[in-house]
Every structure is written in structure tokens, then in C-alpha cells.
file structure_24.csv (CSV, C-alpha atoms)
chain,number,residue,atom,x,y,z
B,212,MET,CA,19.3,44.9,8.1
B,213,VAL,CA,17.6,47.8,6.2
B,214,ASN,CA,18.9,51.2,7.2
B,215,ARG,CA,15.8,53.4,7.6
B,216,GLN,CA,16.4,57.1,7.9
B,217,PRO,CA,13.4,58.3,10.0
B,218,VAL,CA,14.4,59.5,13.5
B,219,ILE,CA,12.1,58.5,16.3
B,220,ALA,CA,12.1,60.3,19.6
B,221,VAL,CA,11.3,57.9,22.5
B,222,ILE,CA,10.3,60.0,25.5
B,223,GLY,CA,11.1,58.1,28.6
B,224,ALA,CA,13.7,55.4,29.2
B,225,GLY,CA,11.8,53.2,31.6
B,226,ILE,CA,11.1,49.6,30.5
B,227,ALA,CA,8.6,50.8,27.9
B,228,GLY,CA,11.0,53.2,26.3
B,229,LEU,CA,14.0,50.8,26.4
B,230,GLU,CA,12.1,47.9,24.9
B,231,ALA,CA,10.5,50.0,22.2
B,232,ALA,CA,13.9,51.6,21.3
B,233,ARG,CA,15.5,48.1,21.2
B,234,GLN,CA,12.8,46.9,18.8
B,235,LEU,CA,13.0,50.0,16.6
B,236,ALA,CA,16.8,49.7,16.3
B,237,ALA,CA,16.4,46.1,15.3
B,238,LEU,CA,14.0,47.2,12.6
B,239,GLY,CA,16.7,49.6,11.3
B,240,TYR,CA,15.4,52.9,12.6
B,241,LYS,CA,17.2,55.6,14.6
B,242,PRO,CA,15.5,55.9,18.0
B,243,VAL,CA,16.7,58.6,20.3
B,244,LEU,CA,15.9,58.0,24.0
B,245,ILE,CA,15.1,61.1,26.0
B,246,GLU,CA,15.1,60.7,29.8
B,247,LYS,CA,14.8,63.5,32.3
B,248,SER,CA,16.5,61.5,35.2
B,249,GLY,CA,20.1,60.6,35.3
B,250,THR,CA,19.6,56.9,34.7
B,251,THR,CA,17.5,54.5,32.7
B,252,GLY,CA,15.0,51.9,34.0
B,253,GLY,CA,12.2,54.1,35.4
B,254,HIS,CA,10.1,52.9,38.3
B,255,VAL,CA,10.9,49.3,37.8
B,256,ALA,CA,14.6,50.0,38.4
B,257,GLN,CA,13.6,51.3,41.8
B,258,TRP,CA,11.9,48.0,42.8
B,259,ASN,CA,13.5,45.1,44.5
B,260,ARG,CA,11.5,42.1,43.3
B,261,LEU,CA,8.6,41.7,40.9
B,262,PHE,CA,5.3,39.9,41.3
B,263,PRO,CA,4.2,37.1,41.0
B,264,ASP,CA,7.5,35.1,40.8
B,265,MET,CA,9.6,37.4,43.1
B,266,THR,CA,11.9,38.0,40.1
B,267,PRO,CA,14.7,40.5,41.0
B,268,ALA,CA,13.9,43.7,39.1
B,269,ALA,CA,17.5,43.8,37.9
B,270,ASP,CA,16.9,40.7,35.9
B,271,VAL,CA,14.5,42.7,33.7
B,272,ILE,CA,16.3,46.0,33.7
B,273,GLU,CA,19.9,45.0,33.1
B,274,PRO,CA,19.3,43.0,29.9
B,275,LEU,CA,17.3,46.0,28.5
B,276,ARG,CA,20.1,48.4,29.4
B,277,ALA,CA,22.7,46.1,27.8
B,278,GLN,CA,20.6,45.7,24.6
B,279,THR,CA,20.1,49.5,24.2
B,280,ALA,CA,23.7,50.5,25.0
B,281,GLY,CA,24.4,51.5,21.4
B,282,ILE,CA,21.2,53.7,21.1
B,283,LYS,CA,21.6,57.4,21.5
B,284,THR,CA,20.3,58.2,24.9
B,285,LEU,CA,20.0,61.7,26.4
B,286,LEU,CA,20.0,61.4,30.2
B,287,GLY,CA,19.2,64.3,32.5
B,288,THR,CA,17.4,66.0,29.6
B,289,GLU,CA,14.0,67.5,29.9
B,290,ILE,CA,11.7,68.6,27.1
B,291,SER,CA,10.8,72.3,27.0
B,292,ALA,CA,8.4,72.1,24.1
B,293,ILE,CA,7.3,69.9,21.2
B,294,ASN,CA,6.4,71.8,18.0
B,295,ARG,CA,4.5,70.1,15.2
B,296,LEU,CA,5.8,71.0,11.7
B,297,LYS,CA,4.3,69.8,8.4
B,298,ASP,CA,5.4,66.1,8.6
B,299,GLU,CA,7.8,66.3,11.5
B,300,TYR,CA,8.1,67.2,15.1
B,301,ASN,CA,10.7,69.6,16.6
B,302,ILE,CA,11.5,68.8,20.2
B,303,VAL,CA,13.1,71.6,22.1
B,304,LEU,CA,15.4,70.2,24.9
B,305,SER,CA,16.3,71.7,28.2
B,306,ASP,CA,19.9,72.4,27.1
B,307,GLY,CA,18.7,74.7,24.4
B,308,SER,CA,19.3,72.2,21.6
B,309,SER,CA,16.5,70.6,19.5
B,310,LEU,CA,15.8,67.3,17.9
B,311,LEU,CA,14.0,67.0,14.6
B,312,CYS,CA,12.1,63.7,14.3
B,313,GLN,CA,9.6,62.1,12.1
B,314,ALA,CA,7.7,60.2,14.9
B,315,VAL,CA,7.4,60.5,18.6
B,316,LEU,CA,6.7,57.7,21.1
B,317,PHE,CA,5.4,58.7,24.5
B,318,ALA,CA,6.8,56.2,27.0
B,319,THR,CA,6.4,58.7,29.9
B,320,GLY,CA,5.3,56.2,32.6
B,321,PHE,CA,3.2,57.3,35.6
B,322,ARG,CA,3.4,59.2,38.9
B,323,LEU,CA,2.3,57.9,42.2
B,324,PHE,CA,-0.5,59.7,44.1
B,325,ASP,CA,0.8,62.0,46.8
B,326,ALA,CA,-0.3,60.2,49.9
B,327,SER,CA,0.0,63.3,52.1
B,328,LYS,CA,-3.2,64.5,50.4
B,329,LYS,CA,-5.1,61.8,52.3
B,330,GLU,CA,-4.5,63.4,55.7
B,331,GLU,CA,-6.8,60.9,57.4
B,332,TYR,CA,-4.1,58.2,56.9
B,333,GLY,CA,-1.4,60.3,58.5
B,334,TYR,CA,1.4,60.2,55.9
B,335,GLY,CA,3.8,63.0,56.7
B,336,ILE,CA,2.1,63.4,60.1
B,337,TYR,CA,2.8,60.2,61.9
B,338,ASP,CA,6.3,58.8,62.0
B,339,HIS,CA,5.5,55.2,61.2
B,340,VAL,CA,3.2,55.7,58.2
B,341,ILE,CA,5.0,55.2,54.9
B,342,THR,CA,4.1,54.5,51.2
B,343,ASN,CA,4.7,51.5,49.0
B,344,ARG,CA,7.5,53.4,47.3
B,345,ASP,CA,9.2,54.1,50.7
B,346,LEU,CA,9.0,50.4,51.5
B,347,GLU,CA,10.4,49.3,48.1
B,348,ARG,CA,13.3,51.7,48.7
B,349,TRP,CA,14.0,50.0,52.1
B,350,PHE,CA,14.0,46.6,50.4
B,351,ASN,CA,16.8,47.9,48.2
B,352,THR,CA,18.8,49.9,50.7
B,353,ARG,CA,17.8,48.7,54.2
B,354,GLU,CA,18.0,52.4,55.1
B,355,ASP,CA,14.9,53.8,56.8
B,356,ARG,CA,14.8,54.6,60.5
B,357,ARG,CA,11.0,54.1,60.6
B,358,ILE,CA,11.5,50.3,60.0
B,359,GLN,CA,12.9,48.8,63.1
B,360,GLN,CA,12.0,45.1,63.7
B,361,PRO,CA,8.2,45.7,63.5
B,362,LYS,CA,5.9,43.2,65.2
B,363,ALA,CA,2.8,44.4,63.4
B,364,VAL,CA,2.5,45.8,59.9
B,365,GLY,CA,-0.5,47.0,58.0
B,366,PHE,CA,-1.2,47.8,54.3
B,367,VAL,CA,-3.9,50.1,53.1
B,368,HIS,CA,-5.1,49.5,49.6
B,369,CYS,CA,-6.5,52.1,47.1
B,370,VAL,CA,-4.9,55.2,48.6
B,371,GLY,CA,-5.7,57.9,46.0
B,372,SER,CA,-7.4,55.5,43.5
B,373,ARG,CA,-11.0,54.5,43.2
B,374,ASP,CA,-11.6,57.7,45.2
B,375,LEU,CA,-13.8,60.5,44.0
B,376,LYS,CA,-12.5,62.9,46.6
B,377,ALA,CA,-8.9,62.3,45.5
B,378,GLY,CA,-9.9,63.1,42.0
B,379,ASN,CA,-9.1,59.6,40.7
B,380,THR,CA,-12.0,57.1,40.3
B,381,GLN,CA,-9.9,54.6,38.4
B,382,CYS,CA,-8.4,51.4,39.7
B,383,SER,CA,-4.6,51.5,39.8
B,384,LYS,CA,-4.6,47.8,38.8
B,385,VAL,CA,-1.3,46.8,40.4
B,386,CYS,CA,-1.9,48.0,43.9
B,387,CYS,CA,-3.5,44.8,45.2
B,388,ILE,CA,-0.8,42.5,43.9
B,389,THR,CA,1.9,44.9,45.0
B,390,ALA,CA,0.5,44.9,48.5
B,391,ILE,CA,0.5,41.1,48.6
B,392,LYS,CA,4.1,41.0,47.3
B,393,GLN,CA,5.3,43.5,49.9
B,394,ALA,CA,3.3,41.8,52.7
B,395,ILE,CA,5.0,38.5,51.8
B,396,GLU,CA,8.4,40.2,51.8
B,397,MET,CA,7.8,41.7,55.2
B,398,LYS,CA,6.9,38.3,56.6
B,399,GLU,CA,10.1,36.9,55.1
B,400,GLU,CA,12.1,39.7,56.7
B,401,PHE,CA,10.2,39.6,60.0
B,402,PRO,CA,8.7,36.1,60.5
B,403,ASP,CA,7.2,36.9,63.9
B,404,ALA,CA,5.3,40.0,62.7
B,405,GLU,CA,1.6,40.1,62.2
B,406,VAL,CA,0.8,41.5,58.8
B,407,TYR,CA,-2.6,42.9,57.8
B,408,CYS,CA,-4.0,44.0,54.4
B,409,PHE,CA,-7.0,46.4,54.5
B,410,TYR,CA,-8.8,46.3,51.1
B,411,MET,CA,-12.1,47.2,49.5
B,412,ASP,CA,-12.0,44.2,47.2
B,413,LEU,CA,-9.1,42.3,45.7
B,414,ARG,CA,-8.6,42.7,41.9
B,415,LEU,CA,-6.3,39.9,40.9
B,416,PHE,CA,-6.5,39.4,37.2
B,417,GLY,CA,-3.0,38.4,36.1
B,418,LYS,CA,-1.4,35.0,35.5
B,419,LYS,CA,-0.6,33.4,38.9
B,420,TYR,CA,-1.9,36.3,40.9
B,421,GLU,CA,-4.7,34.3,42.6
B,422,ASP,CA,-2.1,31.7,43.5
B,423,PHE,CA,0.1,34.4,45.0
B,424,TYR,CA,-2.8,35.6,47.1
B,425,ILE,CA,-3.5,32.1,48.4
B,426,LYS,CA,0.1,31.6,49.2
B,427,ALA,CA,0.1,34.8,51.2
B,428,GLN,CA,-2.7,33.5,53.4
B,429,ARG,CA,-1.7,29.8,53.5
B,430,ASP,CA,2.1,30.0,53.8
B,431,HIS,CA,2.6,33.3,55.4
B,432,GLY,CA,-0.4,33.8,57.6
B,433,ILE,CA,-1.2,37.3,56.3
B,434,HIS,CA,-4.5,38.7,57.5
B,435,PHE,CA,-6.9,40.1,54.8
B,436,ILE,CA,-9.5,42.5,56.2
B,437,ARG,CA,-12.2,43.6,53.8
B,438,GLY,CA,-13.1,47.2,54.7
B,439,ARG,CA,-12.0,50.7,54.2
B,440,VAL,CA,-9.8,52.2,57.0
B,441,SER,CA,-11.9,54.9,58.7
B,442,GLU,CA,-9.3,56.4,61.1
B,443,VAL,CA,-5.6,56.4,61.7
B,444,GLY,CA,-4.1,57.8,64.9
B,445,GLU,CA,-0.9,57.7,66.9
B,446,ALA,CA,-0.6,56.1,70.3
B,447,ILE,CA,1.4,57.6,73.2
B,448,ASP,CA,4.3,55.3,72.4
B,449,GLY,CA,4.4,56.4,68.7
B,450,ARG,CA,2.8,53.3,67.3
B,451,VAL,CA,0.0,53.6,64.7
B,452,VAL,CA,-3.6,52.9,65.7
B,453,VAL,CA,-5.9,51.8,62.8
B,454,LYS,CA,-9.7,51.6,62.9
B,455,ALA,CA,-11.7,49.9,60.2
B,456,GLU,CA,-14.8,47.8,59.7
B,457,ASP,CA,-14.5,44.2,58.7
B,458,THR,CA,-17.4,44.1,56.2
B,459,LEU,CA,-17.3,40.3,56.0
B,460,SER,CA,-17.9,39.8,59.7
B,461,GLY,CA,-19.8,43.1,60.2
B,462,ARG,CA,-17.6,44.0,63.1
B,463,PRO,CA,-15.3,47.0,63.8
B,464,VAL,CA,-11.6,46.3,63.8
B,465,LYS,CA,-8.9,48.2,65.8
B,466,VAL,CA,-5.2,47.2,65.5
B,467,THR,CA,-2.1,48.9,66.8
B,468,LEU,CA,0.8,48.7,64.3
B,469,ASP,CA,4.5,49.4,64.3
B,470,LEU,CA,4.3,50.3,60.6
B,471,LEU,CA,1.5,51.3,58.2
B,472,VAL,CA,2.1,51.1,54.5
B,473,LEU,CA,-0.1,53.1,52.1
B,474,MET,CA,-0.5,51.7,48.6
B,475,ALA,CA,-0.4,55.0,46.6
B,476,GLY,CA,-2.4,54.9,43.4
B,477,ILE,CA,-1.1,55.4,39.8
B,478,LEU,CA,-1.8,58.7,37.9
B,479,CYS,CA,-0.7,59.9,34.5
B,480,ASN,CA,2.7,61.6,34.4
B,481,PRO,CA,2.2,65.4,34.3
B,482,ASP,CA,4.9,65.6,31.7
B,483,ALA,CA,2.8,63.4,29.4
B,484,LEU,CA,-0.2,65.8,29.8
B,485,ARG,CA,2.0,68.8,28.9
B,486,TYR,CA,3.4,67.0,25.8
B,487,ALA,CA,-0.2,66.2,24.9
B,488,ARG,CA,-1.2,69.8,25.0
B,489,ASP,CA,1.8,70.7,22.8
B,490,THR,CA,0.9,68.2,20.1
B,491,GLY,CA,-2.9,68.2,20.3
B,492,VAL,CA,-3.1,64.7,21.6
B,493,ALA,CA,-6.4,64.0,23.4
B,494,VAL,CA,-6.6,63.2,27.1
B,495,ASP,CA,-9.2,60.6,28.1
B,496,ASP,CA,-11.8,61.1,30.9
B,497,ASP,CA,-9.7,58.9,33.2
B,498,GLY,CA,-6.8,61.5,33.1
B,499,PHE,CA,-4.5,59.3,30.9
B,500,LEU,CA,-3.7,59.8,27.3
B,501,LYS,CA,-6.4,58.8,24.9
B,502,SER,CA,-5.6,56.1,22.3
B,503,ARG,CA,-7.1,56.2,18.8
B,504,ASP,CA,-8.9,53.0,19.6
B,505,ASN,CA,-9.0,51.3,23.0
B,506,LEU,CA,-9.4,47.9,21.5
B,507,ALA,CA,-7.4,47.7,18.2
B,508,ALA,CA,-5.0,50.7,18.4
B,509,ILE,CA,-4.0,51.2,22.0
B,510,THR,CA,-0.5,52.3,21.1
B,511,GLU,CA,-1.7,54.9,18.5
B,512,SER,CA,-2.8,58.4,19.1
B,513,SER,CA,-5.2,60.4,17.0
B,514,ARG,CA,-2.3,62.5,15.7
B,515,PRO,CA,-0.1,61.2,12.8
B,516,GLY,CA,3.3,60.2,14.0
B,517,ILE,CA,2.6,60.1,17.7
B,518,PHE,CA,2.5,56.8,19.5
B,519,PHE,CA,2.1,55.4,23.1
B,520,ALA,CA,3.6,52.6,25.1
B,521,GLY,CA,3.1,51.7,28.7
B,522,ALA,CA,1.5,53.6,31.6
B,523,CYS,CA,0.8,56.9,29.8
B,524,THR,CA,-2.5,55.4,28.7
B,525,GLY,CA,-3.3,53.7,32.0
B,526,ALA,CA,-1.9,51.6,34.8
B,527,LYS,CA,0.0,48.6,33.4
B,528,THR,CA,1.9,45.5,34.7
B,529,VAL,CA,5.5,44.8,33.5
B,530,PRO,CA,4.4,42.1,31.0
B,531,GLU,CA,1.7,44.5,29.6
B,532,THR,CA,4.2,47.3,29.3
B,533,LEU,CA,6.8,45.3,27.5
B,534,ALA,CA,4.1,43.9,25.1
B,535,GLU,CA,2.8,47.4,24.4
B,536,ALA,CA,6.4,48.6,23.7
B,537,ARG,CA,6.8,45.9,21.1
B,538,SER,CA,3.4,46.7,19.6
B,539,ALA,CA,4.2,50.4,19.4
B,540,ALA,CA,7.5,49.6,17.5
B,541,LEU,CA,5.5,47.6,15.0
B,542,ALA,CA,2.9,50.3,14.7
B,543,ILE,CA,5.6,52.9,14.0
B,544,HIS,CA,7.1,50.6,11.4
B,545,GLN,CA,3.8,50.2,9.7
B,546,TYR,CA,3.3,54.0,9.8
B,547,PHE,CA,6.5,54.6,7.8
B,548,SER,CA,5.8,51.6,5.5
B,549,ASN,CA,2.5,53.1,4.6
B,550,ARG,CA,4.2,56.4,3.8
B,551,ALA,CA,6.9,54.9,1.6

call {"tool": "encode", "arguments": {"input": "structure_24.csv", "output": "C-alpha cells"}}
result
Amino acid sequence: MVNRQPVIAVIGAGIAGLEAARQLAALGYKPVLIEKSGTTGGHVAQWNRLFPDMTPAADVIEPLRAQTAGIKTLLGTEISAINRLKDEYNIVLSDGSSLLCQAVLFATGFRLFDASKKEEYGYGIYDHVITNRDLERWFNTREDRRIQQPKAVGFVHCVGSRDLKAGNTQCSKVCCITAIKQAIEMKEEFPDAEVYCFYMDLRLFGKKYEDFYIKAQRDHGIHFIRGRVSEVGEAIDGRVVVKAEDTLSGRPVKVTLDLLVLMAGILCNPDALRYARDTGVAVDDDGFLKSRDNLAAITESSRPGIFFAGACTGAKTVPETLAEARSAALAIHQYFSNRA
């Protein structure tokens, strides 16, 4: 293996950062993972199972953790500033130290839309309204007093995405398939429950996603209602009352639920936007970081030595994120090869 001297800062130790760091180390570089939380794995590590095969999330995370065990990783470390020098970047860390590197990879992931901003859905107001993240946490821990043998469960798609009033007109790409996955899981947990999905339209583009949707209807009896929810209220007994219009039948729908799950949309991580300001990286009109070329150079920025992987440029699935991480590692390798 060739020992290459350039130091590469990989910001974010989710699956994009871990995979990119693994590939860079295999190429002989010195990646340094910088992660503000106390553990690696990012959002995927907080999931229970992954669509469309119901693969345990740990089956993806644990091999990545094992394969990057020898890579320098700074956990619980935030970035105070990134200063561009002539041919390098100086990253000032929250502990007062700094890291001088010759390339930076943004693997900063995403944040979920704050569902409480959509007051009409009652998150933070009604006791039995939760988010997709809350439900995923329950799948892992079985600890949430709001989930107690529900007999009727509803999922609302596109909460904070494809929504001009929410400031995000983009599709979050994985919400539909996530709702289907979680709806199936709820039917597996509570076979007698009636489960409803309220959607504007289903965007199922990935491999086996359409089969997954058909399985949800055919094998699990999940009800799919095309129509935006117009009103959410609370009954006297504390259950959630949902009103919507079924646009396929042209009839209003009213259901009373024991649990309503809001599929919060995906937004760019605010940290990524701050780092972009520090380094002069452009932000696209969708609110995510702007690639040098959305077709041929999605992992490259317009700034020399700064690269992207994963959801910092837009909502991504797990396979897409891993593929981009590998592509970013090769782009960084090519960058240094051209400078040699």
C-alpha cells in the first residue's frame, strides 16, 4: 500500500463518513473523522430495520465501525471554524485545538423537519401524535408511554416537505418508503390494528420498493388513502381524530386513531450550511449544498479540496449514500493524483 501524506478531514461519522474514511484509508491516505456526537453511525444507527428487506440497521453499522476502528476519530467534537489557507484548510475544534488538512469531506448528513411547526397536526399538543423518529426509537427500546396496544394507527406523509409554507418544496425521497416500512412493522407488532397511510402521491423509485408497497397492502392489509390531512383533533378520551379527503373516491374521510405518526421531512444539516459559509461553498436553491455538477460531479464542490458525500447535497437512501461515499473517496484520490 502506498503511504500518502495528505490529511483528509471527514466531517461526520455517519455511514457516509465511515465508508469514505474506510475507502480513503485503503488508498493509503490519513482520514480523520470528526463527529460531534458521542458515537458513530449517525441517523442509521438510530434505526431498527432498513427498507426494503427489513435488514437490521446494525448489520450495516457494525461492519463499518469495525472496519474504521483504526482510523483517528474525534468523538464529541464540534467544529468552531474552518479557515482556508493557500492550499490547505485549518479546522478549529471545540476543544481549542486545530487540524491542518489538505482536503475536507462534508459527510454532515441531514436534520429532520421540526414537526411542531406544523401545528395543524398536533405534534407537541396532542399526546398521541408522534414522529417517524419517535417511532423508530420505540422499535429499538420499546419505551414510549404513548404507544400502548394501539388498535388504529395513522401515518401522515410529507410533513415539512413538498410544502411551500414550511419553507421546503423538495421531496424528502425516503418518507414514502419509510412510512410503508413502519406501517408494516406496526402490523407485525399489533396484528389486530387498523393501519392507515395518508399520502399526496407515492414516490417509490428504488429497487423492490414497489413490491414492498404491494406487500403492505396484500399481506398486511394496510389502508392507503390519497389525500392531504386537513384537520387533526383530540377526542374526549384522548384519541386522535383525523379528517382528510380521499381524492380517489372524492369523499371525505374521518378516522379516530390511537396513534398518529408524522413523517417528518429531510432538511440540510445547519452545521453543513455554516461550514459552507466558512469555506465559500455554494448552497443550492433547494437548501442543500451545491455540487460542482449535478450529473457528473455530485461529490465535488466548486472549491478546490472540498468534497461531499451523502445527504448534505440532498435526501439519499442508504445504498446511494454508501455509493457516494466511495465515489467521494475516488474523487479525492484523483484530486491529489492530479496535483502530484

call {"tool": "residues_around", "arguments": {"input": "structure_24.csv", "residues": "His431 in chain B", "least_positions_apart": "2", "cutoff": "12 Å", "atoms": "all atoms listed in the file", "output": "short mmCIF file (atom, residue, chain, number, x, y, z; two decimals) with C-alpha atoms, in the coordinates of the input"}}
result
data_model
loop_
_atom_site.label_atom_id
_atom_site.label_comp_id
_atom_site.auth_asym_id
_atom_site.auth_seq_id
_atom_site.Cartn_x
_atom_site.Cartn_y
_atom_site.Cartn_z
CA ILE B 391 0.50 41.10 48.60
CA LYS B 392 4.10 41.00 47.30
CA GLN B 393 5.30 43.50 49.90
CA ALA B 394 3.30 41.80 52.70
CA ILE B 395 5.00 38.50 51.80
CA GLU B 396 8.40 40.20 51.80
CA MET B 397 7.80 41.70 55.20
CA LYS B 398 6.90 38.30 56.60
CA GLU B 399 10.10 36.90 55.10
CA GLU B 400 12.10 39.70 56.70
CA PHE B 401 10.20 39.60 60.00
CA PRO B 402 8.70 36.10 60.50
CA ASP B 403 7.20 36.90 63.90
CA ALA B 404 5.30 40.00 62.70
CA GLU B 405 1.60 40.10 62.20
CA VAL B 406 0.80 41.50 58.80
CA TYR B 407 -2.60 42.90 57.80
CA PHE B 423 0.10 34.40 45.00
CA TYR B 424 -2.80 35.60 47.10
CA ILE B 425 -3.50 32.10 48.40
CA LYS B 426 0.10 31.60 49.20
CA ALA B 427 0.10 34.80 51.20
CA GLN B 428 -2.70 33.50 53.40
CA ARG B 429 -1.70 29.80 53.50
CA ILE B 433 -1.20 37.30 56.30
CA HIS B 434 -4.50 38.70 57.50
CA PHE B 435 -6.90 40.10 54.80
#

call {"tool": "closest_atom_pairs", "arguments": {"input": "structure_24.csv", "of": "range 307-397 of chain B", "to": "range 476-480 of chain B", "cutoff": "9 Å", "atoms": "all atoms listed in the file", "output": "JSON lines"}}
result
{"residue": "B:Thr319", "atom": "CA", "partner": "B:Asn480", "partner_atom": "CA", "distance": 6.5}
{"residue": "B:Gly320", "atom": "CA", "partner": "B:Asn480", "partner_atom": "CA", "distance": 6.3}
{"residue": "B:Phe321", "atom": "CA", "partner": "B:Asn480", "partner_atom": "CA", "distance": 4.5}
{"residue": "B:Arg322", "atom": "CA", "partner": "B:Asn480", "partner_atom": "CA", "distance": 5.1}
{"residue": "B:Leu323", "atom": "CA", "partner": "B:Ile477", "partner_atom": "CA", "distance": 4.9}
{"residue": "B:Phe324", "atom": "CA", "partner": "B:Gly476", "partner_atom": "CA", "distance": 5.2}
{"residue": "B:Asp325", "atom": "CA", "partner": "B:Gly476", "partner_atom": "CA", "distance": 8.5}
{"residue": "B:Ala326", "atom": "CA", "partner": "B:Gly476", "partner_atom": "CA", "distance": 8.6}
{"residue": "B:His368", "atom": "CA", "partner": "B:Gly476", "partner_atom": "CA", "distance": 8.7}
{"residue": "B:Cys369", "atom": "CA", "partner": "B:Gly476", "partner_atom": "CA", "distance": 6.2}
{"residue": "B:Val370", "atom": "CA", "partner": "B:Gly476", "partner_atom": "CA", "distance": 5.8}
{"residue": "B:Gly371", "atom": "CA", "partner": "B:Gly476", "partner_atom": "CA", "distance": 5.2}
{"residue": "B:Ser372", "atom": "CA", "partner": "B:Gly476", "partner_atom": "CA", "distance": 5.0}
{"residue": "B:Arg373", "atom": "CA", "partner": "B:Gly476", "partner_atom": "CA", "distance": 8.6}
{"residue": "B:Asn379", "atom": "CA", "partner": "B:Leu478", "partner_atom": "CA", "distance": 7.9}
{"residue": "B:Gln381", "atom": "CA", "partner": "B:Ile477", "partner_atom": "CA", "distance": 8.9}
{"residue": "B:Cys382", "atom": "CA", "partner": "B:Gly476", "partner_atom": "CA", "distance": 7.9}
{"residue": "B:Ser383", "atom": "CA", "partner": "B:Ile477", "partner_atom": "CA", "distance": 5.2}
{"residue": "B:Lys384", "atom": "CA", "partner": "B:Ile477", "partner_atom": "CA", "distance": 8.4}
{"residue": "B:Val385", "atom": "CA", "partner": "B:Ile477", "partner_atom": "CA", "distance": 8.6}
{"residue": "B:Cys386", "atom": "CA", "partner": "B:Gly476", "partner_atom": "CA", "distance": 6.9}

call {"tool": "residues_around", "arguments": {"input": "structure_24.csv", "residues": "range 510-512 of chain B", "least_positions_apart": "4", "cutoff": "10 Å", "atoms": "only C-alpha atoms", "output": "list in words"}}
result
Leu316, Phe317, Gly491, Val492, Ala493, Leu500, Lys501, Ser502, Arg503, Asp504, Asn505, Leu506, Gly516, Ile517, Phe518, Phe519, Ala520, Gly521, Cys523, Thr524, Glu535, Ala536, Arg537, Ser538, Ala539, Ala540, Leu541, Ala542 and Ile543 of chain B

call {"tool": "closest_residue", "arguments": {"input": "structure_24.csv", "among": "B:Leu459, B:Leu261, B:Ala220, B:Ala277", "to": "Asn301 in chain B", "atoms": "only C-alpha atoms"}}
result
B:Ala220

call {"tool": "atom_distance", "arguments": {"input": "structure_24.csv", "atom1": "CA of Ala318 in chain B", "atom2": "CA of Leu375 in chain B"}}
result
27.1 Å

call {"tool": "atom_distance", "arguments": {"input": "structure_24.csv", "atom1": "CA of Pro481 in chain B", "atom2": "CA of Glu230 in chain B"}}
result
22.2 Å

call {"tool": "atom_distance", "arguments": {"input": "structure_24.csv", "atom1": "CA of Gly281 in chain B", "atom2": "CA of Asn259 in chain B"}}
result
26.3 Å

call {"tool": "residues_around", "arguments": {"input": "structure_24.csv", "residues": "Gly444 in chain B", "least_positions_apart": "4", "cutoff": "7 Å", "atoms": "all atoms listed in the file", "output": "list of chain:residue names"}}
result
B:Val451, B:Val452, B:Val453

call {"tool": "residues_around", "arguments": {"input": "structure_24.csv", "residues": "His339 in chain B", "least_positions_apart": "6", "cutoff": "8 Å", "atoms": "all atoms listed in the file", "output": "MDAnalysis selection string"}}
result
chainID B and resid 357:358 449:451 469:471

call {"tool": "closest_residue", "arguments": {"input": "structure_24.csv", "among": "B:Pro263, B:Gly432, B:Gly438, B:Pro217", "to": "His544 in chain B", "atoms": "only C-alpha atoms"}}
result
B:Pro217

call {"tool": "decode", "arguments": {"input": "structure_24.csv", "residues": "range 231-247 of chain B", "atoms": "N, CA and C atoms", "output": "mmCIF file, in the first residue's frame"}}
result
data_model
loop_
_atom_site.group_PDB
_atom_site.id
_atom_site.type_symbol
_atom_site.label_atom_id
_atom_site.label_comp_id
_atom_site.auth_asym_id
_atom_site.auth_seq_id
_atom_site.Cartn_x
_atom_site.Cartn_y
_atom_site.Cartn_z
ATOM 1 N N ALA B 231 -16.515 6.491 3.560
ATOM 2 C CA ALA B 231 -15.499 7.274 2.867
ATOM 3 C C ALA B 231 -14.150 7.148 3.562
ATOM 4 N N ALA B 232 -14.155 7.218 4.895
ATOM 5 C CA ALA B 232 -12.904 7.088 5.640
ATOM 6 C C ALA B 232 -12.286 5.713 5.427
ATOM 7 N N ARG B 233 -13.126 4.687 5.386
ATOM 8 C CA ARG B 233 -12.625 3.327 5.144
ATOM 9 C C ARG B 233 -11.955 3.242 3.783
ATOM 10 N N GLN B 234 -12.580 3.806 2.777
ATOM 11 C CA GLN B 234 -12.018 3.754 1.431
ATOM 12 C C GLN B 234 -10.737 4.583 1.335
ATOM 13 N N LEU B 235 -10.708 5.745 1.958
ATOM 14 C CA LEU B 235 -9.519 6.597 1.914
ATOM 15 C C LEU B 235 -8.337 5.932 2.604
ATOM 16 N N ALA B 236 -8.606 5.288 3.732
ATOM 17 C CA ALA B 236 -7.529 4.583 4.437
ATOM 18 C C ALA B 236 -6.986 3.446 3.571
ATOM 19 N N ALA B 237 -7.873 2.751 2.853
ATOM 20 C CA ALA B 237 -7.439 1.656 1.982
ATOM 21 C C ALA B 237 -6.573 2.168 0.834
ATOM 22 N N LEU B 238 -6.795 3.433 0.442
ATOM 23 C CA LEU B 238 -5.996 4.043 -0.608
ATOM 24 C C LEU B 238 -4.677 4.611 -0.082
ATOM 25 N N GLY B 239 -4.484 4.560 1.227
ATOM 26 C CA GLY B 239 -3.220 4.993 1.808
ATOM 27 C C GLY B 239 -3.216 6.389 2.383
ATOM 28 N N TYR B 240 -4.382 7.021 2.445
ATOM 29 C CA TYR B 240 -4.461 8.380 2.994
ATOM 30 C C TYR B 240 -4.662 8.347 4.510
ATOM 31 N N LYS B 241 -4.681 9.546 5.096
ATOM 32 C CA LYS B 241 -4.862 9.681 6.540
ATOM 33 C C LYS B 241 -6.157 10.430 6.842
ATOM 34 N N PRO B 242 -7.274 9.749 6.764
ATOM 35 C CA PRO B 242 -8.530 10.427 7.116
ATOM 36 C C PRO B 242 -8.647 10.614 8.622
ATOM 37 N N VAL B 243 -9.260 11.716 8.993
ATOM 38 C CA VAL B 243 -9.568 11.978 10.397
ATOM 39 C C VAL B 243 -11.068 12.233 10.489
ATOM 40 N N LEU B 244 -11.776 11.379 11.186
ATOM 41 C CA LEU B 244 -13.221 11.524 11.353
ATOM 42 C C LEU B 244 -13.520 12.494 12.496
ATOM 43 N N ILE B 245 -14.383 13.451 12.229
ATOM 44 C CA ILE B 245 -14.787 14.420 13.252
ATOM 45 C C ILE B 245 -16.290 14.291 13.438
ATOM 46 N N GLU B 246 -16.709 13.913 14.630
ATOM 47 C CA GLU B 246 -18.122 13.643 14.903
ATOM 48 C C GLU B 246 -18.542 14.383 16.173
ATOM 49 N N LYS B 247 -19.581 15.187 16.068
ATOM 50 C CA LYS B 247 -19.984 15.998 17.223
ATOM 51 C C LYS B 247 -20.711 15.202 18.297
#
